[in-house]
$ cat start-v2.csv   # CSV, C-alpha atoms
chain,number,residue,atom,x,y,z
C,1,MET,CA,90.8,90.0,127.6
C,2,PHE,CA,90.6,93.4,129.3
C,3,HIS,CA,90.3,96.5,127.0
C,4,VAL,CA,89.8,100.2,127.8
C,5,GLY,CA,88.7,101.3,125.0
C,6,ALA,CA,100.0,98.1,102.8
C,7,MET,CA,97.8,97.8,99.9
C,8,GLU,CA,98.6,101.2,98.5
C,9,HIS,CA,101.4,103.7,98.8
C,10,GLY,CA,101.8,107.4,98.4
C,11,LEU,CA,98.3,109.0,98.1
C,12,LEU,CA,96.3,106.2,99.8
C,13,SER,CA,98.8,104.9,102.4
C,14,ARG,CA,97.6,107.2,105.2
C,15,PHE,CA,94.0,106.1,104.6
C,16,THR,CA,94.5,102.3,104.2
C,17,HIS,CA,95.4,101.3,107.7
C,18,PRO,CA,94.2,103.7,110.4
C,19,ASN,CA,94.2,102.3,114.0
C,20,PRO,CA,91.9,99.3,114.5
C,21,ALA,CA,89.3,101.2,116.6
C,22,ILE,CA,88.9,104.0,114.0
C,23,ARG,CA,88.9,101.5,111.1
C,24,ARG,CA,86.1,99.6,112.7
C,25,GLU,CA,84.0,102.8,112.9
C,26,LEU,CA,84.8,103.6,109.3
C,27,VAL,CA,83.8,100.1,108.1
C,28,ASP,CA,80.6,100.3,110.2
C,29,LEU,CA,79.7,103.5,108.3
C,30,LEU,CA,80.2,101.7,105.0
C,31,TYR,CA,77.7,99.1,106.0
C,32,THR,CA,75.0,101.7,107.0
C,33,SER,CA,74.4,102.5,103.3
C,34,LEU,CA,71.5,100.0,102.7
C,35,PRO,CA,68.9,102.6,101.6
C,36,GLN,CA,71.3,104.1,99.0
C,37,VAL,CA,72.4,100.6,97.8
C,38,MET,CA,68.8,99.5,97.5
C,39,SER,CA,68.0,102.7,95.4
C,40,ILE,CA,70.9,102.3,92.9
C,41,ASN,CA,70.2,98.5,92.7
C,42,ALA,CA,66.6,99.2,91.7
C,43,ALA,CA,67.6,101.8,89.2
C,44,ALA,CA,70.4,99.6,87.7
C,45,ILE,CA,68.2,96.5,87.5
C,46,THR,CA,65.4,98.4,85.9
C,47,GLY,CA,67.6,100.1,83.3
C,48,SER,CA,69.6,97.1,82.3
C,49,VAL,CA,66.6,94.8,82.1
C,50,ALA,CA,64.8,97.4,80.0
C,51,LEU,CA,67.7,97.5,77.5
C,52,ALA,CA,67.9,93.7,77.5
C,53,VAL,CA,64.2,93.4,76.7
C,54,LEU,CA,64.1,96.1,74.1
C,55,HIS,CA,67.1,94.9,72.2
C,56,ARG,CA,67.1,91.2,73.0
C,57,ASP,CA,70.9,91.4,72.8
C,58,ALA,CA,73.0,88.7,74.4
C,59,GLY,CA,75.4,91.2,75.8
C,60,TYR,CA,72.7,93.3,77.4
C,61,ILE,CA,71.1,90.1,78.9
C,62,ALA,CA,74.4,88.9,80.4
C,63,ILE,CA,75.1,92.3,81.9
C,64,ALA,CA,71.6,92.6,83.3
C,65,PHE,CA,72.0,89.2,84.9
C,66,ALA,CA,75.4,90.2,86.4
C,67,ILE,CA,73.9,93.4,87.8
C,68,PHE,CA,71.0,91.5,89.3
C,69,VAL,CA,73.2,88.9,91.0
C,70,ASN,CA,75.7,91.5,92.3
C,71,ALA,CA,72.8,93.6,93.6
C,72,ILE,CA,71.5,90.7,95.6
C,73,GLY,CA,74.9,89.8,96.9
C,74,ARG,CA,75.6,93.4,98.1
C,75,VAL,CA,72.3,93.5,100.0
C,76,VAL,CA,73.0,90.2,101.6
C,77,SER,CA,76.5,91.3,102.7
C,78,LEU,CA,75.1,94.5,104.2
C,79,LEU,CA,72.5,92.5,106.3
C,80,ARG,CA,75.0,89.9,107.4
C,81,TYR,CA,77.5,92.5,108.5
C,82,LYS,CA,74.9,94.0,110.8
C,83,GLN,CA,74.2,90.6,112.3
C,84,HIS,CA,77.9,89.9,113.1
C,85,SER,CA,79.5,93.3,113.6
C,86,ALA,CA,79.5,93.2,117.4
C,87,ARG,CA,81.5,90.0,117.4
C,88,LEU,CA,84.1,90.8,114.7
C,89,SER,CA,87.8,90.8,115.4
C,90,ASP,CA,90.1,93.4,113.9
C,91,ARG,CA,91.1,90.9,111.2
C,92,ASP,CA,87.4,90.2,110.5
C,93,VAL,CA,86.8,94.0,110.1
C,94,ILE,CA,89.5,94.2,107.4
C,95,LEU,CA,88.0,91.2,105.6
C,96,TRP,CA,84.5,92.8,105.6
C,97,GLU,CA,86.0,96.0,104.3
C,98,ASN,CA,87.5,94.0,101.4
C,99,VAL,CA,84.1,92.3,100.9
C,100,TYR,CA,82.4,95.7,100.6
C,101,ALA,CA,85.1,96.9,98.1
C,102,ALA,CA,84.8,93.7,96.0
C,103,GLY,CA,81.0,94.0,95.8
C,104,ALA,CA,81.1,97.8,95.0
C,105,SER,CA,83.8,97.3,92.4
C,106,ALA,CA,82.0,94.4,90.7
C,107,PHE,CA,78.8,96.4,90.5
C,108,GLY,CA,80.7,99.4,89.1
C,109,LEU,CA,82.4,97.2,86.5
C,110,ALA,CA,79.0,95.8,85.4
C,111,LEU,CA,77.6,99.3,84.9
C,112,GLY,CA,80.7,100.3,83.0
C,113,ALA,CA,80.2,97.2,80.8
C,114,LEU,CA,76.6,98.4,80.1
C,115,SER,CA,78.0,101.7,78.7
C,116,PHE,CA,80.6,99.8,76.7
C,117,ARG,CA,78.0,97.5,75.1
C,118,ALA,CA,75.8,100.5,74.2
C,119,PHE,CA,78.7,102.1,72.4
C,120,GLN,CA,79.4,98.9,70.6
C,121,LEU,CA,75.7,98.7,69.4
C,122,ASP,CA,75.6,102.4,68.5
C,123,ASP,CA,72.7,102.5,70.9
C,124,ALA,CA,72.5,106.2,71.9
C,125,PRO,CA,69.5,105.9,74.2
C,126,GLY,CA,71.2,102.9,75.8
C,127,ALA,CA,74.4,104.8,76.3
C,128,TRP,CA,72.5,107.7,77.9
C,129,ILE,CA,70.7,105.3,80.3
C,130,ALA,CA,74.0,103.5,81.1
C,131,PHE,CA,76.0,106.7,81.6
C,132,GLY,CA,73.2,108.2,83.9
C,133,LEU,CA,73.3,105.1,86.0
C,134,SER,CA,77.1,105.3,86.2
C,135,MET,CA,77.1,108.9,87.3
C,136,SER,CA,74.4,108.2,89.9
C,137,TYR,CA,76.4,105.3,91.3
C,138,CYS,CA,79.6,107.4,91.2
C,139,VAL,CA,78.0,110.2,93.2
C,140,GLY,CA,76.6,107.8,95.7
C,141,MET,CA,80.0,106.1,96.2
C,142,VAL,CA,81.6,109.5,96.9
C,143,SER,CA,78.9,110.5,99.3
C,144,ARG,CA,78.9,107.2,101.4
C,145,ALA,CA,82.3,105.6,100.9
C,146,ALA,CA,84.7,108.5,100.7
C,147,ILE,CA,85.8,107.7,104.2
C,148,ARG,CA,87.7,104.8,102.6
C,149,PRO,CA,89.2,106.5,99.5
C,150,TRP,CA,90.8,103.3,98.2
C,151,VAL,CA,87.3,101.7,97.9
C,152,VAL,CA,86.0,104.8,96.0
C,153,LEU,CA,89.0,105.0,93.7
C,154,THR,CA,89.1,101.3,92.8
C,155,THR,CA,85.4,101.2,92.2
C,156,THR,CA,85.2,104.3,90.0
C,157,ALA,CA,88.3,103.2,88.0
C,158,LEU,CA,86.6,100.0,87.2
C,159,LEU,CA,83.3,101.9,86.5
C,160,PHE,CA,84.9,104.4,84.1
C,161,THR,CA,87.4,102.1,82.3
C,162,PRO,CA,84.9,100.3,80.0
C,163,THR,CA,83.2,103.6,79.2
C,164,LEU,CA,86.5,105.2,78.5
C,165,ILE,CA,87.5,102.3,76.1
C,166,GLY,CA,84.1,102.3,74.4
C,167,GLY,CA,84.2,106.1,73.9
C,168,LEU,CA,87.7,106.0,72.5
C,169,MET,CA,86.7,103.3,70.1
C,170,ARG,CA,84.0,105.4,68.6
C,171,PRO,CA,85.0,107.4,65.4
C,172,GLU,CA,83.1,110.5,66.5
C,173,LEU,CA,85.3,113.2,68.2
C,174,PRO,CA,82.7,114.2,70.9
C,175,TYR,CA,82.7,110.6,72.1
C,176,GLN,CA,86.5,110.5,72.3
C,177,LEU,CA,86.6,113.9,74.1
C,178,GLY,CA,84.0,112.8,76.5
C,179,ALA,CA,85.9,109.6,77.3
C,180,ALA,CA,89.1,111.6,77.9
C,181,MET,CA,87.2,113.9,80.3
C,182,LEU,CA,86.4,110.9,82.5
C,183,VAL,CA,90.1,110.8,83.5
C,184,LEU,CA,89.8,114.4,84.7
C,185,PHE,CA,86.6,113.5,86.5
C,186,TRP,CA,88.3,110.6,88.2
C,187,LEU,CA,91.1,112.9,89.4
C,188,SER,CA,88.5,115.2,90.9
C,189,ILE,CA,86.9,112.3,92.7
C,190,ARG,CA,90.3,111.4,94.1
C,191,GLU,CA,90.8,114.9,95.5
C,192,ALA,CA,87.3,115.0,97.0
C,193,SER,CA,87.7,111.5,98.6
C,194,ARG,CA,91.0,112.5,100.1
C,195,HIS,CA,89.6,115.7,101.5
C,196,LEU,CA,86.5,114.1,103.0
C,197,SER,CA,88.4,111.2,104.4
C,198,THR,CA,91.0,113.4,106.0
C,199,ALA,CA,88.4,115.6,107.7
C,200,PHE,CA,86.4,112.6,108.9
C,201,ILE,CA,89.3,110.7,110.3
C,202,GLU,CA,90.6,113.8,112.1
C,203,ARG,CA,87.3,114.1,113.8
C,204,LEU,CA,87.3,110.4,114.8
C,205,GLU,CA,90.9,110.7,116.1
C,206,ALA,CA,89.9,113.7,118.2
C,207,LYS,CA,86.9,111.8,119.6
C,208,HIS,CA,89.1,108.8,120.4
C,209,ALA,CA,91.8,111.0,122.0
C,210,LEU,CA,89.2,112.7,124.2
C,211,ALA,CA,87.8,109.4,125.3
C,212,ARG,CA,91.3,108.0,126.0
C,213,ARG,CA,92.2,111.0,128.1
C,214,ALA,CA,89.1,110.3,130.2
C,215,SER,CA,90.1,106.7,130.8
C,216,HIS,CA,94.0,106.8,130.8
C,217,ASP,CA,96.6,108.4,133.0
C,218,PHE,CA,98.3,111.3,131.1
C,219,LEU,CA,101.8,110.6,132.3
C,220,THR,CA,102.1,106.8,132.0
C,221,ASP,CA,99.3,106.2,129.4
C,222,LEU,CA,98.1,103.4,131.6
C,223,PRO,CA,94.4,103.0,132.3
C,224,ASN,CA,93.4,105.2,135.2
C,225,ARG,CA,91.3,104.4,138.4
C,226,ALA,CA,88.0,104.7,136.6
C,227,ALA,CA,89.1,102.4,133.8
C,228,PHE,CA,90.4,99.8,136.3
C,229,LEU,CA,87.2,99.8,138.3
C,230,HIS,CA,85.1,99.3,135.1
C,231,ALA,CA,87.4,96.4,134.0
C,232,LEU,CA,87.1,94.9,137.5
C,233,GLU,CA,83.4,95.2,137.6
C,234,THR,CA,83.0,93.5,134.3
C,235,ALA,CA,85.7,90.9,134.7
C,236,PRO,CA,84.4,87.3,134.4
C,237,GLY,CA,85.6,84.3,136.4
C,238,HIS,CA,88.6,84.2,138.7
C,239,VAL,CA,90.9,87.3,138.6
C,240,ALA,CA,94.0,88.3,140.5
C,241,ILE,CA,93.9,91.8,142.0
C,242,VAL,CA,97.3,93.1,142.9
C,243,ALA,CA,98.0,96.5,144.6
C,244,ILE,CA,101.5,97.8,144.0
C,245,ASP,CA,103.3,100.7,145.9
C,246,LEU,CA,106.8,101.8,145.2
C,247,ASP,CA,109.1,101.6,148.2
C,248,GLY,CA,111.8,104.1,147.3
C,249,PHE,CA,110.1,106.6,144.9
C,250,LYS,CA,110.1,109.7,147.0
C,251,PRO,CA,113.9,109.9,147.6
C,252,VAL,CA,114.6,109.5,143.8
C,253,ASN,CA,112.0,112.2,143.1
C,254,ASP,CA,113.5,114.6,145.7
C,255,ARG,CA,117.1,114.0,144.7
C,256,HIS,CA,116.8,114.0,140.9
C,257,GLY,CA,113.8,116.2,140.3
C,258,HIS,CA,110.3,115.8,139.1
C,259,HIS,CA,111.3,115.2,135.5
C,260,ALA,CA,113.4,112.1,136.6
C,261,GLY,CA,110.5,111.0,138.8
C,262,ASP,CA,108.1,111.2,135.8
C,263,GLU,CA,110.5,109.2,133.7
C,264,LEU,CA,110.8,106.6,136.5
C,265,LEU,CA,107.0,106.3,136.7
C,266,ARG,CA,106.8,105.7,132.9
C,267,GLN,CA,109.4,103.0,133.1
C,268,VAL,CA,107.5,101.4,136.0
C,269,ALA,CA,104.4,101.4,133.9
C,270,ALA,CA,106.2,99.7,131.1
C,271,ARG,CA,107.5,97.0,133.4
C,272,LEU,CA,104.1,96.3,135.0
C,273,SER,CA,102.4,96.2,131.6
C,274,SER,CA,105.0,93.5,130.6
C,275,CYS,CA,104.2,91.6,133.8
C,276,VAL,CA,100.5,91.3,133.2
C,277,GLY,CA,100.9,90.6,129.5
C,278,PRO,CA,98.2,91.0,126.8
C,279,THR,CA,95.4,89.3,128.8
C,280,GLY,CA,95.8,91.5,131.9
C,281,LEU,CA,95.6,95.1,132.8
C,282,ALA,CA,98.0,97.4,134.7
C,283,ALA,CA,96.6,100.7,135.9
C,284,ARG,CA,97.9,103.8,137.7
C,285,PHE,CA,95.8,104.9,140.7
C,286,GLY,CA,97.8,108.0,141.3
C,287,GLY,CA,101.2,109.0,142.7
C,288,ASP,CA,103.3,105.9,142.9
C,289,GLU,CA,100.3,103.5,143.4
C,290,PHE,CA,99.5,100.9,140.7
C,291,MET,CA,97.0,98.1,140.3
C,292,LEU,CA,97.1,94.9,138.3
C,293,LEU,CA,94.2,92.8,137.1
C,294,LYS,CA,94.6,89.4,135.4
C,295,PRO,CA,92.3,86.4,134.7
C,296,LEU,CA,93.2,83.2,136.4
C,297,LYS,CA,92.4,79.5,136.5
C,298,SER,CA,90.2,78.4,139.4
C,299,GLY,CA,91.4,76.7,142.6
C,300,THR,CA,94.9,76.3,143.9
C,301,GLN,CA,96.4,76.8,140.5
C,302,GLY,CA,94.8,80.3,140.3
C,303,ARG,CA,96.2,81.3,143.7
C,304,ASP,CA,99.6,80.2,142.6
C,305,GLU,CA,99.3,82.3,139.4
C,306,ALA,CA,98.2,85.3,141.4
C,307,LEU,CA,101.2,85.0,143.8
C,308,ALA,CA,103.6,84.5,140.9
C,309,LEU,CA,102.2,87.7,139.2
C,310,ALA,CA,102.7,89.7,142.4
C,311,GLN,CA,106.2,88.3,142.9
C,312,GLU,CA,107.2,89.0,139.3
C,313,ALA,CA,106.0,92.6,139.6
C,314,VAL,CA,108.0,93.1,142.8
C,315,ARG,CA,111.1,91.6,141.3
C,316,ALA,CA,110.7,93.7,138.1
C,317,LEU,CA,110.5,96.9,140.1
C,318,SER,CA,113.5,96.0,142.2
C,319,ALA,CA,115.8,95.8,139.2
C,320,PRO,CA,117.8,99.0,138.4
C,321,PHE,CA,116.3,101.8,136.4
C,322,LEU,CA,118.3,104.1,134.1
C,323,LEU,CA,117.4,107.8,134.3
C,324,SER,CA,119.4,110.0,131.9
C,325,ASP,CA,122.3,107.5,132.2
C,326,ILE,CA,122.0,107.5,136.0
C,327,PRO,CA,121.2,104.1,137.5
C,328,VAL,CA,118.7,104.2,140.4
C,329,MET,CA,117.2,101.5,142.6
C,330,ILE,CA,113.8,101.4,144.1
C,331,GLY,CA,111.6,98.6,145.4
C,332,ALA,CA,108.0,97.7,145.6
C,333,SER,CA,105.5,96.1,147.9
C,334,ALA,CA,102.3,94.2,146.8
C,335,GLY,CA,99.0,93.2,148.3
C,336,LEU,CA,97.0,90.6,146.5
C,337,LEU,CA,93.8,88.6,146.5
C,338,VAL,CA,91.8,86.4,144.1
C,339,ASN,CA,88.1,87.2,143.4
C,340,ASP,CA,85.6,84.9,141.8
C,341,GLN,CA,82.3,86.6,142.8
C,342,PRO,CA,80.2,89.1,140.9
C,343,LEU,CA,80.9,92.7,142.1
C,344,THR,CA,78.9,95.8,142.9
C,345,ASP,CA,80.0,99.3,143.8
C,346,SER,CA,79.9,98.4,147.5
C,347,THR,CA,81.7,95.1,147.3
C,348,ILE,CA,84.4,96.6,145.0
C,349,ASP,CA,85.1,99.2,147.7
C,350,ALA,CA,85.4,96.6,150.4
C,351,LEU,CA,87.6,94.4,148.1
C,352,LEU,CA,89.9,97.3,147.4
C,353,ARG,CA,90.2,98.1,151.1
C,354,ARG,CA,91.2,94.5,151.8
C,355,VAL,CA,93.9,94.5,149.1
C,356,ASP,CA,95.2,97.9,150.4
C,357,ASP,CA,95.4,96.6,153.9
C,358,ALA,CA,97.4,93.7,152.6
C,359,LEU,CA,99.7,96.1,150.7
C,360,TYR,CA,100.5,98.2,153.7
C,361,ALA,CA,101.0,95.1,155.8
C,362,ALA,CA,103.8,94.2,153.4
C,363,LYS,CA,105.2,97.7,153.6
C,364,ARG,CA,105.2,97.7,157.4
C,365,ALA,CA,107.0,94.4,157.3
C,366,GLY,CA,109.9,96.1,155.6
C,367,GLY,CA,108.8,96.3,151.9
C,368,GLY,CA,109.9,94.2,149.0
C,369,ARG,CA,107.2,91.6,149.9
C,370,CYS,CA,103.9,90.3,148.8
C,371,SER,CA,101.0,90.0,151.2
C,372,TRP,CA,97.8,88.0,150.8
C,373,ALA,CA,94.5,89.7,151.7
C,374,GLU,CA,92.6,86.9,153.5
C,375,ALA,CA,89.1,87.1,154.9
C,376,GLY,CA,90.1,87.2,158.5
C,377,SER,CA,93.9,87.7,158.6
C,378,THR,CA,96.8,88.8,156.5
C,379,ALA,CA,99.5,86.2,155.8
C,380,LEU,CA,102.9,87.5,154.5
C,381,ARG,CA,105.0,85.8,151.9
C,382,GLN,CA,108.5,87.1,151.1
C,383,ALA,CA,108.9,87.8,147.3
C,384,SER,CA,111.7,85.9,145.8
$ encode --input "start-v2.csv" --output "structure tokens"
Amino acid sequence: MFHVGAMEHGLLSRFTHPNPAIRRELVDLLYTSLPQVMSINAAAITGSVALAVLHRDAGYIAIAFAIFVNAIGRVVSLLRYKQHSARLSDRDVILWENVYAAGASAFGLALGALSFRAFQLDDAPGAWIAFGLSMSYCVGMVSRAAIRPWVVLTTTALLFTPTLIGGLMRPELPYQLGAAMLVLFWLSIREASRHLSTAFIERLEAKHALARRASHDFLTDLPNRAAFLHALETAPGHVAIVAIDLDGFKPVNDRHGHHAGDELLRQVAARLSSCVGPTGLAARFGGDEFMLLKPLKSGTQGRDEALALAQEAVRALSAPFLLSDIPVMIGASAGLLVNDQPLTDSTIDALLRRVDDALYAAKRAGGGRCSWAEAGSTALRQAS
């Protein structure tokens, strides 16, 4: 609920499944190609319909119909993606990538079939038109879809295969040599796609890494204070807010050194992340202070869930830690409250002061406790 930001092997494996955030950006870019798609659609429909009208050949007519239907389908898919892109899950993004690939491949196969039919009919002008359309489409695919090499390579393979077969079936040597050269051209496309995709994905990874450093703690990789405050401000409904402070961190850090202290903080972060689960958020505010945020049900059930979360966190941090084969024990105290009101900067500050006051009330009472932040008073409950 809170977020801070194998089809192929060998050559294509590193491009097929980048992380979901990067894959979403790549697929978004695929679906920004409406002007180019409209242009090649218009050229392909014009060329294929012209050949069908001039020759009145059943093969040309069938191919022209297939190109027209596929062109309409591709435009519809591009428009529908724009309508739904903001609400797509990661699984939906993969589905839409496959939809794009299917449409592009079917269109390429139809253009290849146009060349094949021209070779069959010994129609040199038709072969020239069909081959020109194929090359235009090929160049366009490399320019707009090289960010997903498997799409380009699948599409161009289906585009060239009918032309290759048709050329090899011709008795003239130049046709056969030209067909064989398509294989070399496809290999060149493969290298170009790999290079462009690598460069583009590296740029996206650098951008995402920079954004993550701005919103995450470098040591524990938990969301930082700014990310927590943003999640709190935008959290809908009832949420538990739990402040956690480690009771025995400083002696461990002093005795075993900063490296051991850093490792202890990373293990603490892992345990707190496990406590909040996939619907919650654990953040590091600095030092040995952490915050938890989790959606709740309303009413008494929600308060019980909030207390259970705080108690679970205290128990988890009271269990032994292993630092370089050395077992160490610390503890933790927690202050908590439940919020169900819209928040602004000023009300967030007041809310955090209340939960901090509850936390330090728990520490003054001896630690290892959970303390409710109430409107007028602070009521302690021993964690069990």
$ closest_residue --input "start-v2.csv" --among "C:Ala50, C:Ala58, C:Ala101, C:Ala43" --to "Ser136 (chain C)" --atoms "all atoms listed in the file"
C:Ala43
$ axis_aligned_box --input "start-v2.csv" --around "region 209-217 of chain C" --padding-each-side "3 Å" --output "lines of an AutoDock Vina configuration file"
center_x = 92.2
center_y = 109.7
center_z = 127.5
size_x = 14.8
size_y = 12.0
size_z = 17.0
$ closest_atom_pairs --input "start-v2.csv" --of "region 305-357 of chain C" --to "region 250-263 of chain C" --cutoff "9 Å" --atoms "all atoms listed in the file" --output "Markdown table"
| residue | atom | partner | partner_atom | distance |
| --- | --- | --- | --- | --- |
| C:Leu323 | CA | C:Ala260 | CA | 6.3 |
| C:Ser324 | CA | C:Ala260 | CA | 7.9 |
| C:Val328 | CA | C:Val252 | CA | 7.5 |
| C:Met329 | CA | C:Val252 | CA | 8.5 |
| C:Ile330 | CA | C:Val252 | CA | 8.1 |
$ write_last_selection --input "start-v2.csv" --atoms "C-alpha atoms" --output "PDB file, keeping the file's coordinate frame"
ATOM      1  CA  LEU C 323     117.400 107.800 134.300  1.00  0.00           C
ATOM      2  CA  SER C 324     119.400 110.000 131.900  1.00  0.00           C
ATOM      3  CA  VAL C 328     118.700 104.200 140.400  1.00  0.00           C
ATOM      4  CA  MET C 329     117.200 101.500 142.600  1.00  0.00           C
ATOM      5  CA  ILE C 330     113.800 101.400 144.100  1.00  0.00           C
TER       6      ILE C 330
END
$ closest_residue --input "start-v2.csv" --among "C:Ala110, C:Ser39, C:Leu232, C:Arg266" --to "Ile61 (chain C)" --atoms "all atoms listed in the file"
C:Ala110
$ atom_distance --input "start-v2.csv" --atom1 "CA of Gly287 (chain C)" --atom2 "CA of Ala235 (chain C)"
25.1 Å
$ residues_around --input "start-v2.csv" --residues "Ala373 (chain C)" --least-positions-apart "3" --cutoff "7 Å" --atoms "all atoms listed in the file" --output "number ranges by chain"
C: 335-337, 354-355, 358, 378
$ atom_distance --input "start-v2.csv" --atom1 "CA of Asp122 (chain C)" --atom2 "CA of Leu173 (chain C)"
14.5 Å
$ residues_around --input "start-v2.csv" --residues "Ala316 (chain C)" --least-positions-apart "2" --cutoff "9 Å" --atoms "only C-alpha atoms" --output "list in words"
Val268, Arg271, Leu272, Cys275, Gln311, Glu312, Ala313, Val314, Ser318, Ala319, Pro320, Gly331 and Ala332 of chain C
$ residues_around --input "start-v2.csv" --residues "Leu30 (chain C)" --least-positions-apart "6" --cutoff "10 Å" --atoms "all atoms listed in the file" --output "list in words"
Arg24, Leu78, Trp96, Glu97, Tyr100, Ala101, Met141, Arg144, Ala145, Ala146, Ile147 and Arg148 of chain C
